[in-house]
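Trainee: Okay, so here is input-v8.txt, and as you'll see once you scroll down, it has compact mmCIF, C-alpha atoms.
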```txt
# COMPACT_ATOMS: atom_id res chain seq x y z
CA MET P 151 192.12 39.22 215.12
CA LEU P 152 193.27 38.09 211.69
CA GLN P 153 195.67 35.64 213.31
CA PHE P 154 192.80 34.20 215.34
CA PHE P 155 190.72 33.51 212.21
CA ALA P 156 193.75 32.13 210.37
CA ARG P 157 194.42 29.74 213.24
CA TYR P 158 190.90 28.31 213.16
CA LYS P 159 190.32 28.46 209.41
CA PHE P 160 191.05 24.76 208.95
CA PHE P 161 188.62 23.77 211.70
CA GLY P 162 185.99 26.04 210.21
CA ILE P 163 186.29 24.33 206.82
CA VAL P 164 186.07 20.87 208.40
CA LEU P 165 183.04 21.93 210.42
CA PHE P 166 181.35 23.29 207.28
CA VAL P 167 181.99 20.08 205.33
CA LEU P 168 180.73 17.89 208.18
CA SER P 169 177.61 20.03 208.51
CA ALA P 170 176.90 19.70 204.80
CA ILE P 171 177.32 15.91 204.99
CA ILE P 172 175.05 15.63 208.04
CA ILE P 173 172.36 17.80 206.42
CA SER P 174 172.54 15.69 203.25
CA ILE P 175 172.16 12.46 205.22
CA ILE P 176 169.20 13.80 207.19
CA TYR P 177 167.54 15.00 203.98
CA SER P 178 167.98 11.61 202.30
CA ILE P 179 166.49 9.87 205.33
CA LEU P 180 163.51 12.19 205.63
CA LYS P 181 162.82 12.49 201.90
CA PRO P 182 160.29 9.76 200.99
CA GLU P 183 161.10 7.59 198.00
CA LYS P 184 158.67 7.86 195.11
CA VAL P 185 156.35 4.86 194.96
CA LEU P 186 153.95 4.31 192.06
CA GLN P 187 150.30 3.73 192.81
CA VAL P 188 148.83 0.29 192.24
CA TYR P 189 145.63 0.90 190.28
CA ALA P 190 142.38 -1.02 190.61
CA PRO P 191 139.13 -0.60 188.63
CA HIS P 192 137.66 1.39 191.52
CA ASP P 193 140.37 4.06 190.95
CA VAL P 194 139.50 4.60 187.29
CA ASP P 195 136.77 6.57 185.48
CA THR P 196 133.78 4.22 185.37
CA THR P 197 133.24 4.91 181.65
CA LEU P 198 136.51 3.04 180.99
CA VAL P 199 135.72 0.01 183.14
CA ASP P 200 133.39 -2.93 182.61
CA SER P 201 130.54 -2.92 185.13
CA THR P 202 131.48 -6.41 186.34
CA VAL P 203 134.78 -5.18 187.80
CA GLN P 204 134.04 -1.57 188.79
CA TYR P 205 133.70 -2.58 192.44
CA VAL P 206 137.23 -4.05 192.64
CA ARG P 207 139.41 -1.97 194.98
CA LYS P 208 142.59 -4.06 195.10
CA TYR P 209 144.30 -7.21 193.84
CA HIS P 210 143.50 -6.28 190.24
CA THR P 211 145.84 -7.88 187.68
CA ILE P 212 145.93 -8.23 183.92
CA ALA P 213 144.07 -11.38 182.83
CA ASN P 214 145.66 -14.21 180.87
CA PHE P 215 145.57 -13.66 177.12
CA LYS P 216 146.25 -15.44 173.86
CA LEU P 217 146.83 -13.34 170.73
CA ARG P 218 148.92 -13.30 167.52
CA ASN P 219 151.66 -10.79 166.76
CA GLN P 220 152.87 -9.25 163.50
CA ASN P 221 154.85 -12.40 162.71
CA GLY P 222 151.95 -14.78 163.34
CA LYS P 223 153.53 -15.92 166.62
CA GLU P 224 151.22 -16.76 169.51
CA ILE P 225 151.66 -14.21 172.30
CA THR P 226 150.43 -14.92 175.83
CA GLU P 227 151.03 -13.52 179.30
CA GLN P 228 154.03 -15.88 179.48
CA ASN P 229 155.88 -13.68 176.96
CA TYR P 230 155.68 -10.90 179.55
CA LYS P 231 156.45 -12.97 182.63
CA ASP P 232 158.80 -11.14 185.01
CA LYS P 233 158.79 -8.12 182.68
CA ILE P 234 157.66 -4.54 183.01
CA TYR P 235 155.65 -3.55 179.97
CA VAL P 236 153.67 -0.75 178.36
CA ALA P 237 150.36 -1.53 176.63
CA ASP P 238 148.02 0.43 174.38
CA PHE P 239 145.14 -0.04 171.92
CA PHE P 240 145.08 1.21 168.32
CA PHE P 241 144.24 0.25 164.72
CA THR P 242 146.42 0.53 161.65
CA THR P 243 144.08 2.63 159.51
CA CYS P 244 143.42 5.22 162.22
CA GLN P 245 144.29 8.72 160.99
CA THR P 246 143.72 10.67 164.21
CA ILE P 247 145.42 9.79 167.51
CA CYS P 248 146.92 6.41 166.54
CA PRO P 249 149.81 7.71 164.40
CA ILE P 250 150.91 9.95 167.27
CA MET P 251 150.57 7.10 169.77
CA THR P 252 152.54 4.77 167.52
CA GLY P 253 155.23 7.43 167.13
CA HIS P 254 155.49 7.75 170.89
CA MET P 255 155.63 3.97 171.30
CA LYS P 256 158.55 4.10 168.86
CA VAL P 257 160.19 6.68 171.14
CA LEU P 258 159.79 4.27 174.05
CA GLN P 259 161.18 1.43 171.94
CA ASP P 260 164.26 3.45 171.04
CA GLU P 261 164.82 4.71 174.59
CA LEU P 262 164.48 1.21 176.03
CA LYS P 263 166.11 -0.80 173.23
CA ASN P 264 168.97 -1.98 175.44
CA ASP P 265 166.77 -2.79 178.43
CA PRO P 266 165.56 -6.41 178.28
CA GLU P 267 163.50 -5.83 181.40
CA VAL P 268 160.91 -3.68 179.60
CA LEU P 269 158.66 -4.64 176.66
CA LEU P 270 155.80 -3.09 174.67
CA VAL P 271 152.49 -4.38 173.32
CA SER P 272 149.88 -2.71 171.10
CA HIS P 273 146.44 -4.30 170.62
CA THR P 274 144.38 -3.66 167.51
CA VAL P 275 140.71 -2.89 168.18
CA ILE P 276 139.57 -3.98 164.71
CA PRO P 277 141.12 -7.45 164.38
CA GLU P 278 138.83 -8.32 161.45
CA THR P 279 140.77 -5.74 159.42
CA ASP P 280 144.14 -5.82 161.16
CA SER P 281 145.21 -9.33 160.20
CA VAL P 282 148.71 -10.65 160.79
CA PRO P 283 149.89 -9.54 157.31
CA GLN P 284 148.41 -6.07 157.86
CA LEU P 285 150.15 -5.78 161.23
CA LYS P 286 153.42 -6.92 159.66
CA LYS P 287 153.15 -4.28 156.95
CA TYR P 288 152.42 -1.63 159.56
CA ALA P 289 155.27 -2.82 161.78
CA ILE P 290 157.76 -2.48 158.91
CA GLN P 291 156.46 0.98 158.06
CA LYS P 292 156.77 2.18 161.66
CA GLY P 293 160.13 0.61 162.45
CA VAL P 294 158.89 -1.88 165.01
CA ASP P 295 161.56 -4.03 166.69
CA ASP P 296 160.03 -7.51 166.89
CA ALA P 297 162.13 -8.38 169.95
CA LYS P 298 160.83 -5.40 171.91
CA TRP P 299 157.33 -4.61 170.66
CA ASN P 300 154.41 -6.87 169.74
CA LEU P 301 151.49 -5.64 167.64
CA VAL P 302 148.74 -8.13 168.42
CA THR P 303 145.45 -9.25 166.92
CA GLY P 304 143.00 -12.01 167.78
CA ASP P 305 139.43 -12.66 168.86
CA LYS P 306 137.56 -9.36 169.04
CA LYS P 307 135.63 -10.20 172.22
CA HIS P 308 138.86 -11.27 173.92
CA ILE P 309 140.58 -8.00 173.00
CA TYR P 310 137.61 -5.94 174.15
CA GLU P 311 137.51 -7.75 177.48
CA LEU P 312 141.20 -7.06 177.95
CA ALA P 313 140.61 -3.36 177.22
CA ARG P 314 137.62 -3.01 179.55
CA LYS P 315 138.29 -5.54 182.31
CA SER P 316 142.09 -5.66 182.50
CA TYR P 317 143.73 -2.50 181.13
CA LEU P 318 140.73 -0.22 181.84
CA VAL P 319 141.12 1.99 178.77
CA ALA P 320 138.06 1.60 176.52
CA LYS P 321 134.79 3.56 176.50
CA SER P 322 132.51 0.93 174.99
CA ASP P 323 131.85 -2.80 175.24
CA GLY P 324 131.20 -2.92 171.51
CA ASP P 325 128.02 -3.75 169.62
CA GLY P 326 129.46 -5.89 166.87
CA GLY P 327 130.36 -3.17 164.37
CA PRO P 328 133.88 -2.79 162.97
CA TYR P 329 134.62 0.48 164.81
CA ASP P 330 132.44 0.08 167.87
CA MET P 331 135.07 0.19 170.62
CA ILE P 332 136.14 3.72 171.51
CA HIS P 333 139.68 3.17 172.66
CA THR P 334 141.52 5.92 174.50
CA GLU P 335 144.97 7.37 173.94
CA ASN P 336 146.16 5.94 177.25
CA PHE P 337 149.38 4.01 177.62
CA VAL P 338 149.30 1.58 180.54
CA LEU P 339 152.35 0.73 182.65
CA VAL P 340 152.24 -2.84 183.98
CA ASP P 341 154.64 -4.24 186.57
CA LYS P 342 156.18 -7.69 186.92
CA LYS P 343 153.20 -8.82 189.02
CA ARG P 344 150.82 -7.84 186.19
CA ARG P 345 149.45 -4.88 188.16
CA ILE P 346 148.67 -1.48 186.60
CA ARG P 347 151.09 1.15 187.92
CA GLY P 348 150.28 4.14 185.74
CA PHE P 349 148.22 5.69 182.94
CA TYR P 350 149.75 8.15 180.48
CA GLU P 351 148.33 10.22 177.63
CA GLY P 352 149.94 8.58 174.63
CA THR P 353 149.64 11.68 172.45
CA ASN P 354 151.52 13.92 174.90
CA LYS P 355 155.35 13.99 174.75
CA GLU P 356 155.62 15.22 178.34
CA GLU P 357 153.55 12.25 179.45
CA ILE P 358 155.95 9.94 177.62
CA ASN P 359 158.84 11.49 179.54
CA ARG P 360 156.91 10.94 182.77
CA LEU P 361 156.35 7.33 181.76
CA LEU P 362 160.08 6.82 181.19
CA ASP P 363 160.79 8.31 184.62
CA ASP P 364 158.20 6.03 186.22
CA ILE P 365 159.75 2.99 184.59
CA ILE P 366 163.01 3.87 186.36
CA VAL P 367 161.12 4.16 189.66
CA LEU P 368 159.39 0.84 189.05
CA LYS P 369 162.65 -0.93 188.30
CA GLN P 370 163.99 0.18 191.68
CA GLU P 371 161.13 -1.43 193.59
CA LYS P 372 162.05 -4.35 195.82
```
Please express the file's structure as structure tokens.
Mentor:
Amino acid sequence: MLQFFARYKFFGIVLFVLSAIIISIIYSILKPEKVLQVYAPHDVDTTLVDSTVQYVRKYHTIANFKLRNQNGKEITEQNYKDKIYVADFFFTTCQTICPIMTGHMKVLQDELKNDPEVLLVSHTVIPETDSVPQLKKYAIQKGVDDAKWNLVTGDKKHIYELARKSYLVAKSDGDGGPYDMIHTENFVLVDKKRRIRGFYEGTNKEEINRLLDDIIVLKQEK
């Protein structure tokens, strides 16, 4: 009996290896690849979306924009052409969620520093206070890499429309006061076609890890 098993031991090993390979191939074929959702205003909490676009179910993209960064350079959608990017809204004197969000944006910056395919942008919601010099001071304090991350200011109405009609992350249209827009802690993942592909809680480290994973998924899209 032992001689019988010894004689067929080699064939048994080969059969085991082939079975493992076949099972692995079948699993890879049947396992669906992760695909990120393409978000439209209709998919988002209505309190975060301007009423003029709440009905939109598809084909939603980030609108053209014209703002100034921490160096006084004009920043438009062309600076993000053919790029994946992460966007958020903040203000430099915020003492609650903004410091945490900025810290997590810094984590993203450091993790993605050698990846020219991915950029970052943070919009101030009180541009009358967050001037270019103020943004520059803040950028230096927080270790912002100018080549990777733009802190932007500009016309208040324009920024509010971007928040409510494009990025879908603000709870108020604003009534003219200096702190009238209630921005959320959301980070927004935008693809190379200017479509929203994910929302992430910018104060949650686990959400930042999920965002980094989703960026990898997005980069693999064809």
Trainee: Extract, using all atoms listed in the file, all DNA, RNA and protein residues at most 8 Å from stretch 354-370 of chain P, discarding same-chain residues fewer than 2 positions from it, and format them as number ranges by chain.
Mentor: P: 184-186, 234, 254, 258, 339, 341, 348, 350-352, 372
Trainee: Give me the residues within 10 Å of P:Asp295 as a PDB file with C-alpha atoms, keeping the file's coordinate frame, counting only C-alpha atoms and dropping any in the same chain fewer than 5 places off.
Mentor:
```
ATOM      1  CA  LYS P 256     158.550   4.100 168.860  1.00  0.00           C
ATOM      2  CA  GLN P 259     161.180   1.430 171.940  1.00  0.00           C
ATOM      3  CA  ASP P 260     164.260   3.450 171.040  1.00  0.00           C
ATOM      4  CA  LYS P 263     166.110  -0.800 173.230  1.00  0.00           C
ATOM      5  CA  LEU P 270     155.800  -3.090 174.670  1.00  0.00           C
ATOM      6  CA  ALA P 289     155.270  -2.820 161.780  1.00  0.00           C
ATOM      7  CA  ILE P 290     157.760  -2.480 158.910  1.00  0.00           C
ATOM      8  CA  ASN P 300     154.410  -6.870 169.740  1.00  0.00           C
TER       9      ASN P 300
END
```
Trainee: Give me the residues near P:Thr226 as a list in words, where near means some atom within 12 Å (using all atoms listed in the file) and where sequence neighbours in that chain fewer than 6 positions away do not count.
Mentor: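 Neighbouring residues, sequence-local ones excluded: Ile212, Ala213, Asn214, Phe215, Lys216, Leu217, Arg218, Asn219, Val271, Asn300, Val302, Thr303 and Gly304 of chain P.
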Trainee: Quick one: of P:Ile332, P:Ala297, P:Val340, P:Val236, who's nearest to P:Val188, counting only C-alpha atoms?
Mentor: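 Smallest separation from P:Val188 among the options: P:Val340.
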Trainee: So the first atom is atom CA of P:Ser316 and the second is atom CA of P:Thr211; what is the distance between them in Å, to one decimal place?
Mentor: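 Taking atom CA of P:Ser316 as the start and atom CA of P:Thr211 as the end point, the length is 6.8 Å.
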Trainee: By how many Å are atom CA of P:Asn264 and atom CA of P:Glu183 apart?
Mentor: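 Calculated distance between atom CA of P:Asn264 and atom CA of P:Glu183 is 25.7 Å.
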Trainee: Could you tell me how far atom CA of P:Gln284 lies from atom CA of P:Arg344, in Å and to one decimal?
Mentor: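 Atom-to-atom, atom CA of P:Gln284 to atom CA of P:Arg344, that is 28.5 Å.
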Trainee: Which residue, P:Gln220, P:Thr279, P:Arg314, P:Lys306, has the smallest gap to P:Val294 when you use only C-alpha atoms?
Mentor: P:Gln220
Trainee: Would you list the residues near (145.3, -5.4, 189.3) (no more than 7 Å away, in the coordinates of the file, using all atoms listed in the file) as a ChimeraX atom specification?
Mentor: /P:189-190,208-212,344-346
Trainee: Any chance you could export the current selection's C-alpha atoms as a CSV table (one decimal), in the coordinates of the input?
Mentor:
```
chain,number,residue,atom,x,y,z
P,189,TYR,CA,145.6,0.9,190.3
P,190,ALA,CA,142.4,-1.0,190.6
P,208,LYS,CA,142.6,-4.1,195.1
P,209,TYR,CA,144.3,-7.2,193.8
P,210,HIS,CA,143.5,-6.3,190.2
P,211,THR,CA,145.8,-7.9,187.7
P,212,ILE,CA,145.9,-8.2,183.9
P,344,ARG,CA,150.8,-7.8,186.2
P,345,ARG,CA,149.4,-4.9,188.2
P,346,ILE,CA,148.7,-1.5,186.6
```
Trainee: Tell me, as a ChimeraX atom specification, which residues lie within 10 Å of P:Thr243, counting all atoms listed in the file; anything in the same chain fewer than 2 positions away does not count.
Mentor: /P:240-241,245-246,248-249,276,279-280,284,288
Trainee: Identify, on the basis of only C-alpha atoms, every residue whose closest approach to P:Val206 does not exceed 9 Å; exclude the query and any residue fewer than 5 positions from it along the same chain; express the result as a list of chain:residue names.
Mentor: P:Ala190, P:Pro191, P:His192, P:Asp193
Trainee: Counting all atoms listed in the file, which of P:Phe239, P:His333, P:Ile247, P:Trp299 gets nearest to P:Pro266?
Mentor: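 That would be P:Trp299, the residue with the smallest distance to P:Pro266.
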Trainee: Ranking P:Glu335, P:Asp232, P:Glu227, P:Asp305 by minimum distance to P:Ser281 and counting all atoms listed in the file, which one comes first?
Mentor: P:Asp305
Trainee: Out of P:Val203, P:Phe337, P:Lys292, P:Asn221, which residue has the shortest atom-to-atom distance to P:Ala237 when counting all atoms listed in the file?
Mentor: P:Phe337
Trainee: Using only C-alpha atoms, can you tell me which of P:Ala320, P:Ala313, P:Ile225, P:Val275 comes closest to P:Cys244?
Mentor: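 Among the listed residues, the smallest separation from P:Cys244 belongs to P:Val275.
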Trainee: N, CA, C and O atoms are needed for stretch 221-246 of chain P; please write them out as a PDB file, in the coordinates of the input.
Mentor:
```pdb
ATOM      1  N   ASN P 221     154.164 -11.289 163.380  1.00  0.00           N
ATOM      2  CA  ASN P 221     154.850 -12.400 162.710  1.00  0.00           C
ATOM      3  C   ASN P 221     154.032 -13.689 162.759  1.00  0.00           C
ATOM      4  O   ASN P 221     154.533 -14.755 162.373  1.00  0.00           O
ATOM      5  N   GLY P 222     152.801 -13.589 163.243  1.00  0.00           N
ATOM      6  CA  GLY P 222     151.950 -14.780 163.340  1.00  0.00           C
ATOM      7  C   GLY P 222     152.282 -15.632 164.549  1.00  0.00           C
ATOM      8  O   GLY P 222     151.709 -16.717 164.711  1.00  0.00           O
ATOM      9  N   LYS P 223     153.143 -15.164 165.426  1.00  0.00           N
ATOM     10  CA  LYS P 223     153.530 -15.920 166.620  1.00  0.00           C
ATOM     11  C   LYS P 223     152.483 -15.743 167.715  1.00  0.00           C
ATOM     12  O   LYS P 223     151.975 -14.645 167.930  1.00  0.00           O
ATOM     13  N   GLU P 224     152.151 -16.850 168.394  1.00  0.00           N
ATOM     14  CA  GLU P 224     151.220 -16.760 169.510  1.00  0.00           C
ATOM     15  C   GLU P 224     151.873 -16.013 170.667  1.00  0.00           C
ATOM     16  O   GLU P 224     152.988 -16.327 171.077  1.00  0.00           O
ATOM     17  N   ILE P 225     151.161 -15.021 171.186  1.00  0.00           N
ATOM     18  CA  ILE P 225     151.660 -14.210 172.300  1.00  0.00           C
ATOM     19  C   ILE P 225     150.707 -14.377 173.477  1.00  0.00           C
ATOM     20  O   ILE P 225     149.491 -14.169 173.347  1.00  0.00           O
ATOM     21  N   THR P 226     151.237 -14.768 174.616  1.00  0.00           N
ATOM     22  CA  THR P 226     150.430 -14.920 175.830  1.00  0.00           C
ATOM     23  C   THR P 226     151.086 -14.137 176.969  1.00  0.00           C
ATOM     24  O   THR P 226     152.152 -13.531 176.791  1.00  0.00           O
ATOM     25  N   GLU P 227     150.460 -14.196 178.119  1.00  0.00           N
ATOM     26  CA  GLU P 227     151.030 -13.520 179.300  1.00  0.00           C
ATOM     27  C   GLU P 227     152.413 -14.062 179.645  1.00  0.00           C
ATOM     28  O   GLU P 227     153.224 -13.365 180.269  1.00  0.00           O
ATOM     29  N   GLN P 228     152.722 -15.304 179.190  1.00  0.00           N
ATOM     30  CA  GLN P 228     154.030 -15.880 179.480  1.00  0.00           C
ATOM     31  C   GLN P 228     155.164 -15.128 178.778  1.00  0.00           C
ATOM     32  O   GLN P 228     156.303 -15.128 179.249  1.00  0.00           O
ATOM     33  N   ASN P 229     154.870 -14.478 177.656  1.00  0.00           N
ATOM     34  CA  ASN P 229     155.880 -13.680 176.960  1.00  0.00           C
ATOM     35  C   ASN P 229     156.265 -12.438 177.751  1.00  0.00           C
ATOM     36  O   ASN P 229     157.304 -11.828 177.487  1.00  0.00           O
ATOM     37  N   TYR P 230     155.424 -12.086 178.723  1.00  0.00           N
ATOM     38  CA  TYR P 230     155.680 -10.900 179.550  1.00  0.00           C
ATOM     39  C   TYR P 230     155.934 -11.262 181.012  1.00  0.00           C
ATOM     40  O   TYR P 230     155.933 -10.384 181.874  1.00  0.00           O
ATOM     41  N   LYS P 231     156.184 -12.532 181.256  1.00  0.00           N
ATOM     42  CA  LYS P 231     156.450 -12.970 182.630  1.00  0.00           C
ATOM     43  C   LYS P 231     157.729 -12.331 183.147  1.00  0.00           C
ATOM     44  O   LYS P 231     158.754 -12.310 182.464  1.00  0.00           O
ATOM     45  N   ASP P 232     157.659 -11.796 184.362  1.00  0.00           N
ATOM     46  CA  ASP P 232     158.800 -11.140 185.010  1.00  0.00           C
ATOM     47  C   ASP P 232     159.319  -9.953 184.205  1.00  0.00           C
ATOM     48  O   ASP P 232     160.512  -9.634 184.252  1.00  0.00           O
ATOM     49  N   LYS P 233     158.433  -9.305 183.454  1.00  0.00           N
ATOM     50  CA  LYS P 233     158.790  -8.120 182.680  1.00  0.00           C
ATOM     51  C   LYS P 233     157.911  -6.944 183.102  1.00  0.00           C
ATOM     52  O   LYS P 233     156.765  -7.114 183.517  1.00  0.00           O
ATOM     53  N   ILE P 234     158.452  -5.761 182.984  1.00  0.00           N
ATOM     54  CA  ILE P 234     157.660  -4.540 183.010  1.00  0.00           C
ATOM     55  C   ILE P 234     157.248  -4.275 181.567  1.00  0.00           C
ATOM     56  O   ILE P 234     158.046  -4.487 180.657  1.00  0.00           O
ATOM     57  N   TYR P 235     156.004  -3.844 181.351  1.00  0.00           N
ATOM     58  CA  TYR P 235     155.650  -3.550 179.970  1.00  0.00           C
ATOM     59  C   TYR P 235     154.640  -2.405 179.869  1.00  0.00           C
ATOM     60  O   TYR P 235     153.968  -2.058 180.845  1.00  0.00           O
ATOM     61  N   VAL P 236     154.602  -1.838 178.672  1.00  0.00           N
ATOM     62  CA  VAL P 236     153.670  -0.750 178.360  1.00  0.00           C
ATOM     63  C   VAL P 236     152.696  -1.257 177.306  1.00  0.00           C
ATOM     64  O   VAL P 236     153.115  -1.831 176.289  1.00  0.00           O
ATOM     65  N   ALA P 237     151.405  -1.053 177.540  1.00  0.00           N
ATOM     66  CA  ALA P 237     150.360  -1.530 176.630  1.00  0.00           C
ATOM     67  C   ALA P 237     149.513  -0.374 176.124  1.00  0.00           C
ATOM     68  O   ALA P 237     149.318   0.627 176.829  1.00  0.00           O
ATOM     69  N   ASP P 238     149.008  -0.524 174.900  1.00  0.00           N
ATOM     70  CA  ASP P 238     148.020   0.430 174.380  1.00  0.00           C
ATOM     71  C   ASP P 238     147.112  -0.273 173.390  1.00  0.00           C
ATOM     72  O   ASP P 238     147.290  -1.458 173.084  1.00  0.00           O
ATOM     73  N   PHE P 239     146.108   0.486 172.884  1.00  0.00           N
ATOM     74  CA  PHE P 239     145.140  -0.040 171.920  1.00  0.00           C
ATOM     75  C   PHE P 239     145.064   0.944 170.748  1.00  0.00           C
ATOM     76  O   PHE P 239     145.044   2.162 170.933  1.00  0.00           O
ATOM     77  N   PHE P 240     144.998   0.393 169.525  1.00  0.00           N
ATOM     78  CA  PHE P 240     145.080   1.210 168.320  1.00  0.00           C
ATOM     79  C   PHE P 240     144.438   0.453 167.152  1.00  0.00           C
ATOM     80  O   PHE P 240     143.938  -0.655 167.322  1.00  0.00           O
ATOM     81  N   PHE P 241     144.478   1.030 165.945  1.00  0.00           N
ATOM     82  CA  PHE P 241     144.240   0.250 164.720  1.00  0.00           C
ATOM     83  C   PHE P 241     145.030   0.888 163.594  1.00  0.00           C
ATOM     84  O   PHE P 241     145.300   2.096 163.600  1.00  0.00           O
ATOM     85  N   THR P 242     145.428   0.096 162.633  1.00  0.00           N
ATOM     86  CA  THR P 242     146.420   0.530 161.650  1.00  0.00           C
ATOM     87  C   THR P 242     145.918   1.596 160.687  1.00  0.00           C
ATOM     88  O   THR P 242     146.706   2.360 160.138  1.00  0.00           O
ATOM     89  N   THR P 243     144.606   1.656 160.460  1.00  0.00           N
ATOM     90  CA  THR P 243     144.080   2.630 159.510  1.00  0.00           C
ATOM     91  C   THR P 243     143.602   3.914 160.181  1.00  0.00           C
ATOM     92  O   THR P 243     143.092   4.810 159.514  1.00  0.00           O
ATOM     93  N   CYS P 244     143.792   4.013 161.465  1.00  0.00           N
ATOM     94  CA  CYS P 244     143.420   5.220 162.220  1.00  0.00           C
ATOM     95  C   CYS P 244     144.255   6.398 161.733  1.00  0.00           C
ATOM     96  O   CYS P 244     145.481   6.296 161.598  1.00  0.00           O
ATOM     97  N   GLN P 245     143.595   7.527 161.485  1.00  0.00           N
ATOM     98  CA  GLN P 245     144.290   8.720 160.990  1.00  0.00           C
ATOM     99  C   GLN P 245     144.275   9.863 162.001  1.00  0.00           C
ATOM    100  O   GLN P 245     144.695  10.973 161.679  1.00  0.00           O
ATOM    101  N   THR P 246     143.808   9.600 163.218  1.00  0.00           N
ATOM    102  CA  THR P 246     143.720  10.670 164.210  1.00  0.00           C
ATOM    103  C   THR P 246     144.801  10.501 165.280  1.00  0.00           C
ATOM    104  O   THR P 246     145.938  10.923 165.099  1.00  0.00           O
TER     105      THR P 246
END
```
